[in-house]
Structures are given as C-alpha cells and as structure tokens.
Amino acid sequence: MNAVWIDDTPEAGAPSNSLKIERETHKLEKRLCRQVGQVIVDYNMIEEGDKVMVCVSGGKDSYALLDILLKMKARAPIHFDIVAVNLDQKQPGFPEEVLPKYLSELGVAFHIENQDTYSIVKRVIPEGKTTCGLCSRLRRGILYRVADELGATKVALGHHRDDMLQTFFLNMFFGGKLKSMPPKLVSDDGKHIVIRPLAYVAEKDTVRWAQHREFPIIPCTLCGSQENLQRKQVGEMLREWDKKYPGRVENMFTALQNVVPSHLLDGTLHDFQGLKATGVADENGDKAFDTPAFDLLSQAPSALRIVQG
C-alpha cells in the first residue's frame, strides 16, 4: 500500500537538450510527490476517511502544498477529502478575488473565512513593533474553529524543511531550547491534528515549482509589518551553508530525526542522577576514545580548523 504513496519509477535515458527543461520539471514533480508521500507514510499523516483542511495563504508554499496533495489524492491507496481554506484578514490592498478565482478554476472545495484581525493587531501592537506574533496566534485560533465547523480531521500547513531548521536554530539561539516544528502534532487545545506534508521538501524546490505552475502569489507584506529579522538572518545562514558545504543542511535535518538523549543534558529525558555502571555493553555508552565515524577536520567550520605546519 505504501508503494502507491511513494513512486520510485526509474527515469528513462538522458534527455536531449530540447527536452532538458521539461525533463527537469518532471524530475522536480516526482521528487516533490515522493518526498510528500514519504513523510505521509513515516508519520501516518493522512488516514482512510480523513478530511484534510489545507490552509492556503496565497504564498508559494501553501500553493505548492495544495497542488501536491491533490496529485497525491489521485493516486493514494486510501480515500481522503481535501478542502482549501483561506483566512481573509482584511489587510488593506488584499486582492480578495484572487484565491476564490484560482480555487474555483482548480475545482477543489474551498472556504474563505473573513475576519478583520488586521484592525485588532494594529490596535494592540505599538507602531513600529512587529505584528507577526499576535497575527499568527489569532490566525491559528480562527483556523482551528473553522476546522471544527468544516468537520476537518487534519489541518495541513505549508511549512517546509527550511522552516523547520530555521525554527530549530531560532529556538536554540534566542529561546534556549532544542525545539523545532514537528511534522505532526496535536494542537494546544488538544482537539486537532496538525500536519506539515512539506516537511521533507527544500524551499528552493517550492520556489521552482511555484514558478513552473505560475501560482497567483499574494505578497505577505500587505499589512506593513516588519519582516522577522532574526528568521531572515538564520535563513540566509542556512542558504550560505548549503552553497559552501553541500550536504550540510540535509545532515542537520537528518539529525533532528536521530536524537540521543543520553548525550545531551536534559535530566527529564535521561536519568543522569540514577546512572550506574552495569558492566553490560551499551551501544549508546561513551565512545570518547573510539575513532569518530566522520572526518572531524573536514566537517569543522574554517574558523575552528587546526592549521598544521
């Protein structure tokens, strides 16, 4: 059954120059479908009979999420329904006709929720301060209510791999926590399952897919709020690493799936105080004197490398 979610059909021979763009786009589509299918299987995101509420903001990521999920629905080994939901927050200049027109032409069930959170945020947040935090909390609460009203069993958000890594570093640098965005979680009110089917997808691929599909992008700057400078800086750091050190970003994301609590410092996850020698070999035991499984010198940042004369 899982094989239908994850299509690994091999590619044909090398394309001619005239077909290169078409072939690259086809490879991109297959990669997106494979990655979304894999994360659905890995985290049991979508089950038989689910009604998945896809939150569509008008940005490239949520468009890509809806687009790929519709493709997956057509080939999935189970039946599930999709409803697209947009929250019109009444920002000045918001092109309210764009999404209804696009979703109608797409033929997908949709709901537009009209709530003037813009006025609330502008009234509460002092001039010059970023509005994103309050806006996000208001938006999430409204979307949970809409999910109840529509009978949605899953709420799908468009966060991708890079969002998750950015959140991890933001929490570590500024929040003092090792915490990221999980691919699947229960909402804080305990009533909803939130899923992120783009969890394995790189942002550069959603950019390319949005360009190929020519989504009618709605800018996220309509409210006039300040961009999250810290997230922007972390994003630039990751993109720079991706260019200079190929594979580093992939390794960091893989690390989020391979946590070893006994080699961190959180006493709530590992009983350090009660730890005693047992005389029994433990694969998670201290291996400080073993040969490392990777080349420490090549992996270290240039500023930390030892220059040998």
# chains A, B, ... in the order shown; residues from 1 in each chain; ligands from 1

call {"tool": "select_by_dssp", "arguments": {"residues": "range 66-270 of chain A", "states": "strand (DSSP E or B)", "output": "number ranges by chain"}}
result
A: 81-88, 109-114, 154-156, 184-186, 193-195

call {"tool": "residues_around", "arguments": {"residues": "Ala84 in chain A", "least_positions_apart": "3", "cutoff": "9 Å", "atoms": "only C-alpha atoms", "output": "PyMOL selection string"}}
result
chain A and resi 52-56+66+103+108-112

call {"tool": "write_last_selection", "arguments": {"atoms": "N, CA, C and O atoms", "output": "compact mmCIF listing (two decimals), in the first residue's frame"}}
result
# COMPACT_ATOMS: atom_id res chain seq x y z
N VAL A 52 -8.95 16.63 5.02
CA VAL A 52 -7.76 17.44 5.25
C VAL A 52 -8.03 18.89 4.88
O VAL A 52 -8.36 19.19 3.73
N MET A 53 -7.92 19.76 5.87
CA MET A 53 -8.09 21.19 5.63
C MET A 53 -6.73 21.79 5.32
O MET A 53 -5.85 21.85 6.18
N VAL A 54 -6.54 22.20 4.07
CA VAL A 54 -5.27 22.77 3.63
C VAL A 54 -5.35 24.29 3.75
O VAL A 54 -6.18 24.93 3.10
N CYS A 55 -4.51 24.84 4.59
CA CYS A 55 -4.53 26.29 4.82
C CYS A 55 -3.74 26.98 3.70
O CYS A 55 -2.53 26.77 3.56
N VAL A 56 -4.44 27.78 2.91
CA VAL A 56 -3.85 28.44 1.75
C VAL A 56 -3.80 29.94 2.00
O VAL A 56 -4.83 30.59 2.11
N LEU A 66 -1.05 22.50 -1.53
CA LEU A 66 -2.35 22.11 -2.08
C LEU A 66 -2.18 21.37 -3.40
O LEU A 66 -2.81 20.34 -3.64
N LEU A 103 -9.11 28.88 -6.88
CA LEU A 103 -9.62 27.64 -6.32
C LEU A 103 -10.84 27.14 -7.08
O LEU A 103 -11.04 25.93 -7.25
N VAL A 108 -11.40 22.54 -6.64
CA VAL A 108 -11.29 21.99 -5.29
C VAL A 108 -12.31 22.67 -4.38
O VAL A 108 -12.63 23.85 -4.56
N ALA A 109 -12.84 21.93 -3.42
CA ALA A 109 -13.73 22.52 -2.43
C ALA A 109 -12.95 23.53 -1.61
O ALA A 109 -11.79 23.28 -1.25
N PHE A 110 -13.56 24.68 -1.32
CA PHE A 110 -12.83 25.69 -0.56
C PHE A 110 -13.77 26.53 0.29
O PHE A 110 -14.98 26.56 0.06
N HIS A 111 -13.17 27.22 1.25
CA HIS A 111 -13.91 28.11 2.14
C HIS A 111 -13.05 29.33 2.40
O HIS A 111 -11.87 29.20 2.74
N ILE A 112 -13.63 30.52 2.25
CA ILE A 112 -12.95 31.77 2.57
C ILE A 112 -13.54 32.30 3.87
O ILE A 112 -14.74 32.55 3.96

call {"tool": "residues_around", "arguments": {"residues": "Pro77 in chain A", "least_positions_apart": "3", "cutoff": "12 Å", "atoms": "only C-alpha atoms", "output": "VMD selection string"}}
result
chain A and resid 1 to 6 37 40 to 41 46 to 49 72 to 74 80

call {"tool": "write_last_selection", "arguments": {"atoms": "N, CA, C and O atoms", "output": "PDB file, in the first residue's frame"}}
result
ATOM      1  N   MET A   1       0.833  -1.214   0.000  1.00  0.00           N
ATOM      2  CA  MET A   1       0.000   0.000   0.000  1.00  0.00           C
ATOM      3  C   MET A   1       0.854   1.246   0.000  1.00  0.00           C
ATOM      4  O   MET A   1       0.574   2.199  -0.714  1.00  0.00           O
ATOM      5  N   ASN A   2       1.934   1.226   0.770  1.00  0.00           N
ATOM      6  CA  ASN A   2       2.773   2.416   0.853  1.00  0.00           C
ATOM      7  C   ASN A   2       3.430   2.757  -0.474  1.00  0.00           C
ATOM      8  O   ASN A   2       3.752   3.905  -0.740  1.00  0.00           O
ATOM      9  N   ALA A   3       3.643   1.739  -1.315  1.00  0.00           N
ATOM     10  CA  ALA A   3       4.328   1.975  -2.576  1.00  0.00           C
ATOM     11  C   ALA A   3       3.552   2.931  -3.477  1.00  0.00           C
ATOM     12  O   ALA A   3       4.124   3.585  -4.343  1.00  0.00           O
ATOM     13  N   VAL A   4       2.241   2.991  -3.305  1.00  0.00           N
ATOM     14  CA  VAL A   4       1.450   3.890  -4.134  1.00  0.00           C
ATOM     15  C   VAL A   4       1.665   5.338  -3.709  1.00  0.00           C
ATOM     16  O   VAL A   4       1.592   6.256  -4.520  1.00  0.00           O
ATOM     17  N   TRP A   5       1.925   5.543  -2.419  1.00  0.00           N
ATOM     18  CA  TRP A   5       2.229   6.894  -1.949  1.00  0.00           C
ATOM     19  C   TRP A   5       3.582   7.350  -2.496  1.00  0.00           C
ATOM     20  O   TRP A   5       3.791   8.512  -2.786  1.00  0.00           O
ATOM     21  N   ILE A   6       4.536   6.419  -2.610  1.00  0.00           N
ATOM     22  CA  ILE A   6       5.916   6.784  -2.933  1.00  0.00           C
ATOM     23  C   ILE A   6       6.282   6.161  -4.265  1.00  0.00           C
ATOM     24  O   ILE A   6       6.579   4.969  -4.349  1.00  0.00           O
ATOM     25  N   GLY A  37       4.913  11.951  -0.220  1.00  0.00           N
ATOM     26  CA  GLY A  37       4.421  10.606   0.058  1.00  0.00           C
ATOM     27  C   GLY A  37       5.187   9.936   1.178  1.00  0.00           C
ATOM     28  O   GLY A  37       4.597   9.265   2.035  1.00  0.00           O
ATOM     29  N   ILE A  40       4.245  11.386   4.614  1.00  0.00           N
ATOM     30  CA  ILE A  40       2.903  10.928   4.985  1.00  0.00           C
ATOM     31  C   ILE A  40       2.967   9.528   5.568  1.00  0.00           C
ATOM     32  O   ILE A  40       2.333   9.223   6.586  1.00  0.00           O
ATOM     33  N   VAL A  41       3.771   8.668   4.927  1.00  0.00           N
ATOM     34  CA  VAL A  41       3.934   7.297   5.425  1.00  0.00           C
ATOM     35  C   VAL A  41       4.692   7.279   6.749  1.00  0.00           C
ATOM     36  O   VAL A  41       4.276   6.631   7.715  1.00  0.00           O
ATOM     37  N   ILE A  46      -1.987  11.032   7.002  1.00  0.00           N
ATOM     38  CA  ILE A  46      -3.325  11.009   6.412  1.00  0.00           C
ATOM     39  C   ILE A  46      -3.834   9.576   6.416  1.00  0.00           C
ATOM     40  O   ILE A  46      -3.151   8.659   5.960  1.00  0.00           O
ATOM     41  N   GLU A  47      -5.053   9.410   6.931  1.00  0.00           N
ATOM     42  CA  GLU A  47      -5.637   8.078   7.072  1.00  0.00           C
ATOM     43  C   GLU A  47      -6.947   7.979   6.302  1.00  0.00           C
ATOM     44  O   GLU A  47      -7.502   8.975   5.853  1.00  0.00           O
ATOM     45  N   GLU A  48      -7.408   6.762   6.160  1.00  0.00           N
ATOM     46  CA  GLU A  48      -8.651   6.495   5.442  1.00  0.00           C
ATOM     47  C   GLU A  48      -9.796   7.339   6.008  1.00  0.00           C
ATOM     48  O   GLU A  48     -10.022   7.367   7.211  1.00  0.00           O
ATOM     49  N   GLY A  49     -10.493   8.053   5.103  1.00  0.00           N
ATOM     50  CA  GLY A  49     -11.655   8.837   5.502  1.00  0.00           C
ATOM     51  C   GLY A  49     -11.348  10.211   6.051  1.00  0.00           C
ATOM     52  O   GLY A  49     -12.272  10.945   6.419  1.00  0.00           O
ATOM     53  N   MET A  72      -1.403  13.734  -4.944  1.00  0.00           N
ATOM     54  CA  MET A  72      -1.305  12.535  -4.119  1.00  0.00           C
ATOM     55  C   MET A  72      -2.675  11.894  -3.917  1.00  0.00           C
ATOM     56  O   MET A  72      -2.804  10.669  -3.886  1.00  0.00           O
ATOM     57  N   LYS A  73      -3.704  12.722  -3.783  1.00  0.00           N
ATOM     58  CA  LYS A  73      -5.068  12.206  -3.591  1.00  0.00           C
ATOM     59  C   LYS A  73      -5.497  11.326  -4.752  1.00  0.00           C
ATOM     60  O   LYS A  73      -6.165  10.301  -4.575  1.00  0.00           O
ATOM     61  N   ALA A  74      -5.083  11.734  -5.956  1.00  0.00           N
ATOM     62  CA  ALA A  74      -5.493  10.999  -7.152  1.00  0.00           C
ATOM     63  C   ALA A  74      -4.864   9.610  -7.226  1.00  0.00           C
ATOM     64  O   ALA A  74      -5.402   8.714  -7.891  1.00  0.00           O
ATOM     65  N   PHE A  80      -9.392  10.060   0.889  1.00  0.00           N
ATOM     66  CA  PHE A  80      -9.488  11.191   1.806  1.00  0.00           C
ATOM     67  C   PHE A  80      -9.941  12.407   1.009  1.00  0.00           C
ATOM     68  O   PHE A  80      -9.805  12.463  -0.217  1.00  0.00           O
TER      69      PHE A  80
END

call {"tool": "residues_around", "arguments": {"residues": "Asp116 in chain A", "least_positions_apart": "4", "cutoff": "12 Å", "atoms": "only C-alpha atoms", "output": "JSON, numbers by chain"}}
result
{"A": [87, 88, 89, 90, 91, 92, 94, 120, 121, 122, 123, 135, 138, 139, 142, 223]}

call {"tool": "write_last_selection", "arguments": {"atoms": "all heavy atoms", "output": "CSV table (one decimal), in the first residue's frame"}}
result
chain,number,residue,atom,x,y,z
A,87,LEU,N,-7.9,32.5,5.1
A,87,LEU,CA,-8.4,33.5,6.1
A,87,LEU,C,-8.1,34.9,5.5
A,87,LEU,O,-6.9,35.3,5.4
A,87,LEU,CB,-7.7,33.3,7.4
A,87,LEU,CG,-8.0,34.4,8.5
A,87,LEU,CD1,-9.5,34.5,8.7
A,87,LEU,CD2,-7.2,34.1,9.7
A,88,ASP,N,-9.1,35.6,5.1
A,88,ASP,CA,-9.0,37.0,4.7
A,88,ASP,C,-9.0,37.8,5.9
A,88,ASP,O,-10.0,38.0,6.5
A,88,ASP,CB,-10.2,37.3,3.7
A,88,ASP,CG,-10.1,38.7,3.2
A,88,ASP,OD1,-9.3,39.5,3.7
A,88,ASP,OD2,-10.8,39.0,2.2
A,89,GLN,N,-7.8,38.4,6.2
A,89,GLN,CA,-7.7,39.2,7.5
A,89,GLN,C,-7.9,40.7,7.3
A,89,GLN,O,-7.7,41.4,8.2
A,89,GLN,CB,-6.3,38.9,8.1
A,89,GLN,CG,-6.1,37.4,8.4
A,89,GLN,CD,-4.7,37.2,8.9
A,89,GLN,OE1,-3.8,36.8,8.2
A,89,GLN,NE2,-4.5,37.3,10.2
A,90,LYS,N,-8.4,41.0,6.1
A,90,LYS,CA,-8.8,42.4,5.8
A,90,LYS,C,-7.6,43.4,5.8
A,90,LYS,O,-7.8,44.6,6.2
A,90,LYS,CB,-9.9,42.9,6.7
A,90,LYS,CG,-11.2,42.0,6.6
A,90,LYS,CD,-11.7,41.9,5.2
A,90,LYS,CE,-12.9,41.0,5.1
A,90,LYS,NZ,-13.3,40.8,3.7
A,91,GLN,N,-6.4,42.9,5.4
A,91,GLN,CA,-5.3,43.9,5.2
A,91,GLN,C,-5.7,44.8,4.1
A,91,GLN,O,-6.2,44.4,3.1
A,91,GLN,CB,-4.0,43.1,4.9
A,91,GLN,CG,-3.6,42.2,6.0
A,91,GLN,CD,-3.9,40.7,5.6
A,91,GLN,OE1,-4.9,40.4,5.0
A,91,GLN,NE2,-3.0,39.8,6.0
A,92,PRO,N,-5.3,46.1,4.2
A,92,PRO,CA,-5.6,47.0,3.1
A,92,PRO,C,-4.9,46.5,1.8
A,92,PRO,O,-3.7,46.2,1.9
A,92,PRO,CB,-5.0,48.3,3.6
A,92,PRO,CG,-5.0,48.2,5.1
A,92,PRO,CD,-4.8,46.7,5.4
A,94,PHE,N,-5.5,43.8,0.1
A,94,PHE,CA,-5.6,42.4,-0.1
A,94,PHE,C,-6.5,42.1,-1.3
A,94,PHE,O,-7.7,42.5,-1.3
A,94,PHE,CB,-6.1,41.7,1.1
A,94,PHE,CG,-6.1,40.2,1.0
A,94,PHE,CD1,-4.9,39.4,1.1
A,94,PHE,CD2,-7.3,39.5,0.7
A,94,PHE,CE1,-4.9,38.1,1.0
A,94,PHE,CE2,-7.3,38.1,0.5
A,94,PHE,CZ,-6.1,37.4,0.7
A,120,ILE,N,-7.5,44.5,14.8
A,120,ILE,CA,-7.1,44.1,16.2
A,120,ILE,C,-5.6,44.2,16.4
A,120,ILE,O,-5.2,44.8,17.4
A,120,ILE,CB,-7.6,42.6,16.4
A,120,ILE,CG1,-9.1,42.5,16.3
A,120,ILE,CG2,-7.1,42.2,17.8
A,120,ILE,CD1,-9.6,41.1,16.4
A,121,VAL,N,-4.9,43.7,15.5
A,121,VAL,CA,-3.4,43.7,15.6
A,121,VAL,C,-2.9,45.2,15.6
A,121,VAL,O,-2.0,45.5,16.5
A,121,VAL,CB,-2.7,42.9,14.5
A,121,VAL,CG1,-1.2,43.2,14.5
A,121,VAL,CG2,-3.0,41.4,14.6
A,122,LYS,N,-3.4,46.0,14.8
A,122,LYS,CA,-2.9,47.4,14.7
A,122,LYS,C,-3.3,48.2,15.9
A,122,LYS,O,-2.6,49.1,16.3
A,122,LYS,CB,-3.5,48.1,13.4
A,122,LYS,CG,-2.9,47.6,12.1
A,122,LYS,CD,-1.4,48.0,12.1
A,122,LYS,CE,-0.7,47.6,10.8
A,122,LYS,NZ,0.7,47.9,10.9
A,123,ARG,N,-4.4,47.8,16.5
A,123,ARG,CA,-4.9,48.5,17.8
A,123,ARG,C,-4.0,48.1,19.0
A,123,ARG,O,-3.8,48.9,19.9
A,123,ARG,CB,-6.3,48.2,18.0
A,123,ARG,CG,-6.9,48.9,19.2
A,123,ARG,CD,-8.4,48.7,19.4
A,123,ARG,NE,-8.7,47.4,19.8
A,123,ARG,CZ,-9.4,46.5,19.0
A,123,ARG,NH1,-9.7,46.8,17.8
A,123,ARG,NH2,-9.6,45.3,19.4
A,135,CYS,N,-0.6,38.3,15.2
A,135,CYS,CA,-1.3,37.9,14.0
A,135,CYS,C,-1.4,36.4,13.8
A,135,CYS,O,-2.4,35.8,13.5
A,135,CYS,CB,-0.7,38.5,12.8
A,135,CYS,SG,-1.5,38.2,11.2
A,138,LEU,N,-3.8,34.8,16.4
A,138,LEU,CA,-5.2,35.0,16.1
A,138,LEU,C,-5.6,34.1,14.9
A,138,LEU,O,-6.7,33.5,14.9
A,138,LEU,CB,-5.4,36.5,15.7
A,138,LEU,CG,-5.3,37.5,16.9
A,138,LEU,CD1,-5.3,38.9,16.4
A,138,LEU,CD2,-6.4,37.2,17.9
A,139,ARG,N,-4.7,34.1,13.9
A,139,ARG,CA,-5.0,33.3,12.7
A,139,ARG,C,-5.2,31.8,13.1
A,139,ARG,O,-6.1,31.2,12.6
A,139,ARG,CB,-3.9,33.5,11.7
A,139,ARG,CG,-4.1,32.8,10.4
A,139,ARG,CD,-3.1,33.2,9.3
A,139,ARG,NE,-1.7,32.8,9.7
A,139,ARG,CZ,-0.8,33.7,10.0
A,139,ARG,NH1,-1.0,35.0,10.0
A,139,ARG,NH2,0.4,33.3,10.3
A,142,ILE,N,-8.5,31.0,14.8
A,142,ILE,CA,-9.6,31.1,13.8
A,142,ILE,C,-9.7,29.8,13.0
A,142,ILE,O,-10.7,29.2,12.7
A,142,ILE,CB,-9.6,32.4,13.0
A,142,ILE,CG1,-9.8,33.6,13.8
A,142,ILE,CG2,-10.6,32.3,11.8
A,142,ILE,CD1,-9.5,34.9,13.1
A,223,CYS,N,0.2,43.9,5.2
A,223,CYS,CA,-0.1,44.5,6.5
A,223,CYS,C,0.9,45.6,6.9
A,223,CYS,O,0.7,46.3,7.9
A,223,CYS,CB,-0.3,43.4,7.6
A,223,CYS,SG,1.2,42.5,7.8

call {"tool": "residues_around", "arguments": {"residues": "range 197-200 of chain A", "least_positions_apart": "5", "cutoff": "6 Å", "atoms": "only C-alpha atoms", "output": "PyMOL selection string"}}
result
chain A and resi 35-36+160-161+183

call {"tool": "write_last_selection", "arguments": {"atoms": "all heavy atoms", "output": "mmCIF file, in the first residue's frame"}}
result
data_model
loop_
_atom_site.group_PDB
_atom_site.id
_atom_site.type_symbol
_atom_site.label_atom_id
_atom_site.label_comp_id
_atom_site.auth_asym_id
_atom_site.auth_seq_id
_atom_site.Cartn_x
_atom_site.Cartn_y
_atom_site.Cartn_z
ATOM 1 N N GLN A 35 8.723 12.881 -1.863
ATOM 2 C CA GLN A 35 9.028 13.376 -0.525
ATOM 3 C C GLN A 35 7.757 13.557 0.306
ATOM 4 O O GLN A 35 7.731 13.220 1.498
ATOM 5 C CB GLN A 35 9.793 14.693 -0.620
ATOM 6 C CG GLN A 35 11.221 14.524 -1.144
ATOM 7 C CD GLN A 35 11.906 15.840 -1.441
ATOM 8 O OE1 GLN A 35 11.255 16.850 -1.729
ATOM 9 N NE2 GLN A 35 13.227 15.849 -1.379
ATOM 10 N N VAL A 36 6.709 14.083 -0.312
ATOM 11 C CA VAL A 36 5.446 14.246 0.414
ATOM 12 C C VAL A 36 4.859 12.880 0.754
ATOM 13 O O VAL A 36 4.379 12.642 1.869
ATOM 14 C CB VAL A 36 4.450 15.094 -0.405
ATOM 15 C CG1 VAL A 36 3.062 15.074 0.237
ATOM 16 C CG2 VAL A 36 4.948 16.528 -0.520
ATOM 17 N N HIS A 160 7.997 23.962 5.291
ATOM 18 C CA HIS A 160 8.890 23.024 4.621
ATOM 19 C C HIS A 160 10.131 22.756 5.480
ATOM 20 O O HIS A 160 10.233 23.246 6.613
ATOM 21 C CB HIS A 160 9.285 23.553 3.243
ATOM 22 C CG HIS A 160 9.659 25.002 3.247
ATOM 23 N ND1 HIS A 160 10.764 25.498 3.919
ATOM 24 C CD2 HIS A 160 9.071 26.085 2.671
ATOM 25 C CE1 HIS A 160 10.845 26.797 3.747
ATOM 26 N NE2 HIS A 160 9.826 27.195 2.998
ATOM 27 N N ARG A 161 11.064 22.002 4.913
ATOM 28 C CA ARG A 161 12.269 21.605 5.650
ATOM 29 C C ARG A 161 13.049 22.801 6.177
ATOM 30 O O ARG A 161 13.506 22.813 7.331
ATOM 31 C CB ARG A 161 13.165 20.773 4.730
ATOM 32 C CG ARG A 161 14.425 20.243 5.383
ATOM 33 C CD ARG A 161 15.444 19.836 4.340
ATOM 34 N NE ARG A 161 15.988 20.996 3.629
ATOM 35 C CZ ARG A 161 16.862 20.900 2.622
ATOM 36 N NH1 ARG A 161 17.251 19.715 2.197
ATOM 37 N NH2 ARG A 161 17.324 22.000 2.033
ATOM 38 N N PRO A 183 6.673 17.411 12.195
ATOM 39 C CA PRO A 183 5.830 17.158 11.021
ATOM 40 C C PRO A 183 4.366 16.902 11.370
ATOM 41 O O PRO A 183 3.482 17.116 10.550
ATOM 42 C CB PRO A 183 6.460 15.906 10.395
ATOM 43 C CG PRO A 183 7.859 15.880 10.926
ATOM 44 C CD PRO A 183 7.765 16.451 12.318
#

call {"tool": "atom_distance", "arguments": {"atom1": "CA of His263 in chain A", "atom2": "CA of Lys244 in chain A"}}
result
28.6 Å

call {"tool": "residues_around", "arguments": {"residues": "Pro216 in chain A", "least_positions_apart": "5", "cutoff": "10 Å", "atoms": "only C-alpha atoms", "output": "list of chain:residue names"}}
result
A:Gly58, A:Gly59, A:Lys60, A:Tyr63, A:Val98, A:Leu99, A:Tyr102, A:Ala210, A:Gln211

call {"tool": "write_last_selection", "arguments": {"atoms": "C-alpha atoms", "output": "compact mmCIF listing (two decimals), in the first residue's frame"}}
result
# COMPACT_ATOMS: atom_id res chain seq x y z
CA GLY A 58 -1.60 32.84 -1.18
CA GLY A 59 2.13 32.23 -0.74
CA LYS A 60 4.26 29.82 -2.78
CA TYR A 63 0.01 26.77 -3.12
CA VAL A 98 -7.51 36.05 -6.43
CA LEU A 99 -7.89 32.91 -4.31
CA TYR A 102 -7.96 30.25 -8.56
CA ALA A 210 5.68 27.89 -7.95
CA GLN A 211 7.48 29.40 -10.94

call {"tool": "select_by_dssp", "arguments": {"residues": "range 14-207 of chain A", "states": "alpha helix (DSSP H)", "output": "number ranges by chain"}}
result
A: 20-42, 60-75, 98-106, 117-124, 132-150, 161-170, 203-207

call {"tool": "closest_residue", "arguments": {"among": "A:His192, A:Asn44, A:Leu256, A:Gly247", "to": "Asp148 in chain A", "atoms": "only C-alpha atoms"}}
result
A:His192

call {"tool": "decode", "arguments": {"residues": "range 47-70 of chain A", "atoms": "C-alpha atoms", "output": "JSON list (two decimals), in the first residue's frame"}}
result
[["chain", "number", "residue", "atom", "x", "y", "z"],
["A", 47, "GLU", "CA", -5.64, 8.08, 7.07],
["A", 48, "GLU", "CA", -8.65, 6.49, 5.44],
["A", 49, "GLY", "CA", -11.66, 8.84, 5.50],
["A", 50, "ASP", "CA", -9.73, 11.93, 6.62],
["A", 51, "LYS", "CA", -10.92, 15.38, 5.65],
["A", 52, "VAL", "CA", -7.76, 17.44, 5.25],
["A", 53, "MET", "CA", -8.09, 21.19, 5.63],
["A", 54, "VAL", "CA", -5.27, 22.77, 3.63],
["A", 55, "CYS", "CA", -4.53, 26.29, 4.82],
["A", 56, "VAL", "CA", -3.85, 28.44, 1.75],
["A", 57, "SER", "CA", -2.40, 31.88, 2.39],
["A", 58, "GLY", "CA", -1.60, 32.84, -1.18],
["A", 59, "GLY", "CA", 2.13, 32.23, -0.74],
["A", 60, "LYS", "CA", 4.26, 29.82, -2.78],
["A", 61, "ASP", "CA", 4.47, 27.16, -0.07],
["A", 62, "SER", "CA", 0.76, 26.80, 0.62],
["A", 63, "TYR", "CA", 0.01, 26.77, -3.12],
["A", 64, "ALA", "CA", 2.61, 24.02, -3.57],
["A", 65, "LEU", "CA", 1.16, 22.07, -0.63],
["A", 66, "LEU", "CA", -2.35, 22.11, -2.08],
["A", 67, "ASP", "CA", -1.10, 21.30, -5.57],
["A", 68, "ILE", "CA", 0.96, 18.28, -4.49],
["A", 69, "LEU", "CA", -1.71, 16.95, -2.11],
["A", 70, "LEU", "CA", -4.25, 17.00, -4.93]]
